[in-house]
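> One structure coming up, written as structure tokens, with questions to follow.
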Amino acid sequence: MIDNIKSNDVLISSEVSQRLKLDVADDLVMYFIQDPPRVRKFVIKGIYNTAMIDFDKLYVVADIKHIQALNSWSENEVGGFEIEINNFDD
């Protein structure tokens, strides 16, 4: 089933792109500090800019399935979620 396949594509911010001298299609090796430490290679598929520098310095957008696997979570477990609304007053 295609839903079980983890994507190695990630989005990075323009801030991270400039600091690490990375661009679209470049490989990005990430180290997850655990016991034991784990290493994963991703491919940059896009660059974003939220204009919120604190956010842009910290976040890489990746497939949640990687984090679930690293943390031994089920497919129903997440560390957070996002809600989009059309009208903020709602």
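Quick note on naming: the chains in the structure tokens go A, B, ... in the order shown, residues restart at 1 in each chain, and ligands are numbered from 1 in order of appearance.
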Would you mind writing down, as an MDAnalysis selection string, each residue of chain A that DSSP on the backbone assigns to alpha helix (DSSP H)?

chainID A and resid 14:20 53:58 64:70

> Please produce a file of the residues just selected, as a PDB file, in the first residue's frame, where the atoms kept are N, CA, C and O atoms.


ATOM      1  N   SER A  14      14.340  29.315   3.583  1.00  0.00           N
ATOM      2  CA  SER A  14      15.389  30.059   2.878  1.00  0.00           C
ATOM      3  C   SER A  14      16.526  30.400   3.847  1.00  0.00           C
ATOM      4  O   SER A  14      17.692  30.439   3.447  1.00  0.00           O
ATOM      5  N   GLU A  15      16.193  30.600   5.121  1.00  0.00           N
ATOM      6  CA  GLU A  15      17.206  30.857   6.151  1.00  0.00           C
ATOM      7  C   GLU A  15      18.177  29.678   6.276  1.00  0.00           C
ATOM      8  O   GLU A  15      19.401  29.845   6.252  1.00  0.00           O
ATOM      9  N   VAL A  16      17.644  28.472   6.390  1.00  0.00           N
ATOM     10  CA  VAL A  16      18.473  27.264   6.496  1.00  0.00           C
ATOM     11  C   VAL A  16      19.233  27.033   5.190  1.00  0.00           C
ATOM     12  O   VAL A  16      20.411  26.687   5.194  1.00  0.00           O
ATOM     13  N   SER A  17      18.553  27.262   4.076  1.00  0.00           N
ATOM     14  CA  SER A  17      19.187  27.099   2.767  1.00  0.00           C
ATOM     15  C   SER A  17      20.433  27.975   2.638  1.00  0.00           C
ATOM     16  O   SER A  17      21.487  27.512   2.207  1.00  0.00           O
ATOM     17  N   GLN A  18      20.309  29.231   3.038  1.00  0.00           N
ATOM     18  CA  GLN A  18      21.436  30.155   2.942  1.00  0.00           C
ATOM     19  C   GLN A  18      22.545  29.795   3.925  1.00  0.00           C
ATOM     20  O   GLN A  18      23.723  29.792   3.560  1.00  0.00           O
ATOM     21  N   ARG A  19      22.187  29.470   5.157  1.00  0.00           N
ATOM     22  CA  ARG A  19      23.192  29.148   6.185  1.00  0.00           C
ATOM     23  C   ARG A  19      23.999  27.896   5.840  1.00  0.00           C
ATOM     24  O   ARG A  19      25.192  27.834   6.091  1.00  0.00           O
ATOM     25  N   LEU A  20      23.300  26.881   5.283  1.00  0.00           N
ATOM     26  CA  LEU A  20      23.969  25.613   4.977  1.00  0.00           C
ATOM     27  C   LEU A  20      24.398  25.500   3.520  1.00  0.00           C
ATOM     28  O   LEU A  20      24.940  24.480   3.109  1.00  0.00           O
ATOM     29  N   ILE A  53      11.179  34.578  11.460  1.00  0.00           N
ATOM     30  CA  ILE A  53      12.554  34.123  11.525  1.00  0.00           C
ATOM     31  C   ILE A  53      12.761  33.017  12.552  1.00  0.00           C
ATOM     32  O   ILE A  53      13.525  32.073  12.315  1.00  0.00           O
ATOM     33  N   ASP A  54      12.079  33.087  13.698  1.00  0.00           N
ATOM     34  CA  ASP A  54      12.238  32.041  14.715  1.00  0.00           C
ATOM     35  C   ASP A  54      11.749  30.693  14.196  1.00  0.00           C
ATOM     36  O   ASP A  54      12.331  29.654  14.493  1.00  0.00           O
ATOM     37  N   PHE A  55      10.684  30.698  13.430  1.00  0.00           N
ATOM     38  CA  PHE A  55      10.160  29.468  12.826  1.00  0.00           C
ATOM     39  C   PHE A  55      11.115  28.980  11.740  1.00  0.00           C
ATOM     40  O   PHE A  55      11.488  27.812  11.705  1.00  0.00           O
ATOM     41  N   ASP A  56      11.504  29.890  10.867  1.00  0.00           N
ATOM     42  CA  ASP A  56      12.342  29.527   9.723  1.00  0.00           C
ATOM     43  C   ASP A  56      13.717  29.003  10.129  1.00  0.00           C
ATOM     44  O   ASP A  56      14.318  28.212   9.404  1.00  0.00           O
ATOM     45  N   LYS A  57      14.231  29.412  11.280  1.00  0.00           N
ATOM     46  CA  LYS A  57      15.532  28.933  11.746  1.00  0.00           C
ATOM     47  C   LYS A  57      15.473  27.485  12.234  1.00  0.00           C
ATOM     48  O   LYS A  57      16.491  26.813  12.279  1.00  0.00           O
ATOM     49  N   LEU A  58      14.283  27.026  12.612  1.00  0.00           N
ATOM     50  CA  LEU A  58      14.179  25.756  13.329  1.00  0.00           C
ATOM     51  C   LEU A  58      13.572  24.590  12.572  1.00  0.00           C
ATOM     52  O   LEU A  58      13.905  23.444  12.850  1.00  0.00           O
ATOM     53  N   ILE A  64       5.798  12.793   8.199  1.00  0.00           N
ATOM     54  CA  ILE A  64       5.591  12.410   9.598  1.00  0.00           C
ATOM     55  C   ILE A  64       5.958  10.946   9.847  1.00  0.00           C
ATOM     56  O   ILE A  64       6.317  10.567  10.965  1.00  0.00           O
ATOM     57  N   LYS A  65       5.898  10.134   8.818  1.00  0.00           N
ATOM     58  CA  LYS A  65       6.199   8.704   8.985  1.00  0.00           C
ATOM     59  C   LYS A  65       7.628   8.471   9.479  1.00  0.00           C
ATOM     60  O   LYS A  65       7.902   7.498  10.172  1.00  0.00           O
ATOM     61  N   HIS A  66       8.566   9.363   9.137  1.00  0.00           N
ATOM     62  CA  HIS A  66       9.941   9.226   9.630  1.00  0.00           C
ATOM     63  C   HIS A  66       9.981   9.424  11.149  1.00  0.00           C
ATOM     64  O   HIS A  66      10.626   8.651  11.863  1.00  0.00           O
ATOM     65  N   ILE A  67       9.311  10.453  11.632  1.00  0.00           N
ATOM     66  CA  ILE A  67       9.303  10.730  13.066  1.00  0.00           C
ATOM     67  C   ILE A  67       8.569   9.620  13.816  1.00  0.00           C
ATOM     68  O   ILE A  67       8.997   9.186  14.891  1.00  0.00           O
ATOM     69  N   GLN A  68       7.474   9.144  13.245  1.00  0.00           N
ATOM     70  CA  GLN A  68       6.740   8.043  13.873  1.00  0.00           C
ATOM     71  C   GLN A  68       7.626   6.804  13.997  1.00  0.00           C
ATOM     72  O   GLN A  68       7.641   6.140  15.035  1.00  0.00           O
ATOM     73  N   ALA A  69       8.383   6.496  12.957  1.00  0.00           N
ATOM     74  CA  ALA A  69       9.259   5.324  12.991  1.00  0.00           C
ATOM     75  C   ALA A  69      10.401   5.522  14.001  1.00  0.00           C
ATOM     76  O   ALA A  69      10.715   4.615  14.781  1.00  0.00           O
ATOM     77  N   LEU A  70      11.019   6.704  14.017  1.00  0.00           N
ATOM     78  CA  LEU A  70      12.118   6.978  14.938  1.00  0.00           C
ATOM     79  C   LEU A  70      11.675   6.904  16.402  1.00  0.00           C
ATOM     80  O   LEU A  70      12.446   6.523  17.275  1.00  0.00           O
TER      81      LEU A  70
END

> Using only C-alpha atoms, which residues sit within 8 Å of region 37-46 of chain A once same-chain residues fewer than 3 positions away are excluded, as JSON, numbers by chain?

{"A": [8, 9, 10, 11, 12, 23, 24, 25, 26, 27, 28, 29, 30, 31, 32, 33, 34]}

> Given the selection you just returned, output its residues as a file containing C-alpha atoms, formatted as an mmCIF file, in the first residue's frame.


data_model
loop_
_atom_site.group_PDB
_atom_site.id
_atom_site.type_symbol
_atom_site.label_atom_id
_atom_site.label_comp_id
_atom_site.auth_asym_id
_atom_site.auth_seq_id
_atom_site.Cartn_x
_atom_site.Cartn_y
_atom_site.Cartn_z
ATOM 1 C CA ASN A 8 12.544 11.269 1.739
ATOM 2 C CA ASP A 9 11.566 14.677 0.340
ATOM 3 C CA VAL A 10 11.803 17.687 2.654
ATOM 4 C CA LEU A 11 11.211 21.429 2.589
ATOM 5 C CA ILE A 12 13.706 23.773 4.221
ATOM 6 C CA ASP A 23 19.402 24.258 -2.726
ATOM 7 C CA VAL A 24 16.567 22.261 -4.275
ATOM 8 C CA ALA A 25 17.651 18.726 -5.267
ATOM 9 C CA ASP A 26 20.559 18.712 -2.785
ATOM 10 C CA ASP A 27 20.871 15.914 -0.236
ATOM 11 C CA LEU A 28 20.370 16.803 3.416
ATOM 12 C CA VAL A 29 21.764 14.472 6.060
ATOM 13 C CA MET A 30 19.977 14.810 9.401
ATOM 14 C CA TYR A 31 21.181 13.469 12.725
ATOM 15 C CA PHE A 32 18.555 12.491 15.301
ATOM 16 C CA ILE A 33 20.054 12.623 18.765
ATOM 17 C CA GLN A 34 18.784 9.454 20.390
#

> How many Å lie between CA of Ser13 (chain A) and CA of Tyr48 (chain A), rounded to one decimal?

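Taking CA of Ser13 (chain A) and CA of Tyr48 (chain A), their separation equals 4.6 Å.
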
> Could you pull out the residues in chain A that DSSP calls strand (DSSP E or B) from the backbone, as a ChimeraX atom specification?

/A:9-13,27-32,38-48,61

> I'd like the interatomic distance between CA of Val61 (chain A) and CA of Ile85 (chain A), to a tenth of an Å.

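CA of Ile85 (chain A) lies at a distance of 20.3 Å from CA of Val61 (chain A).
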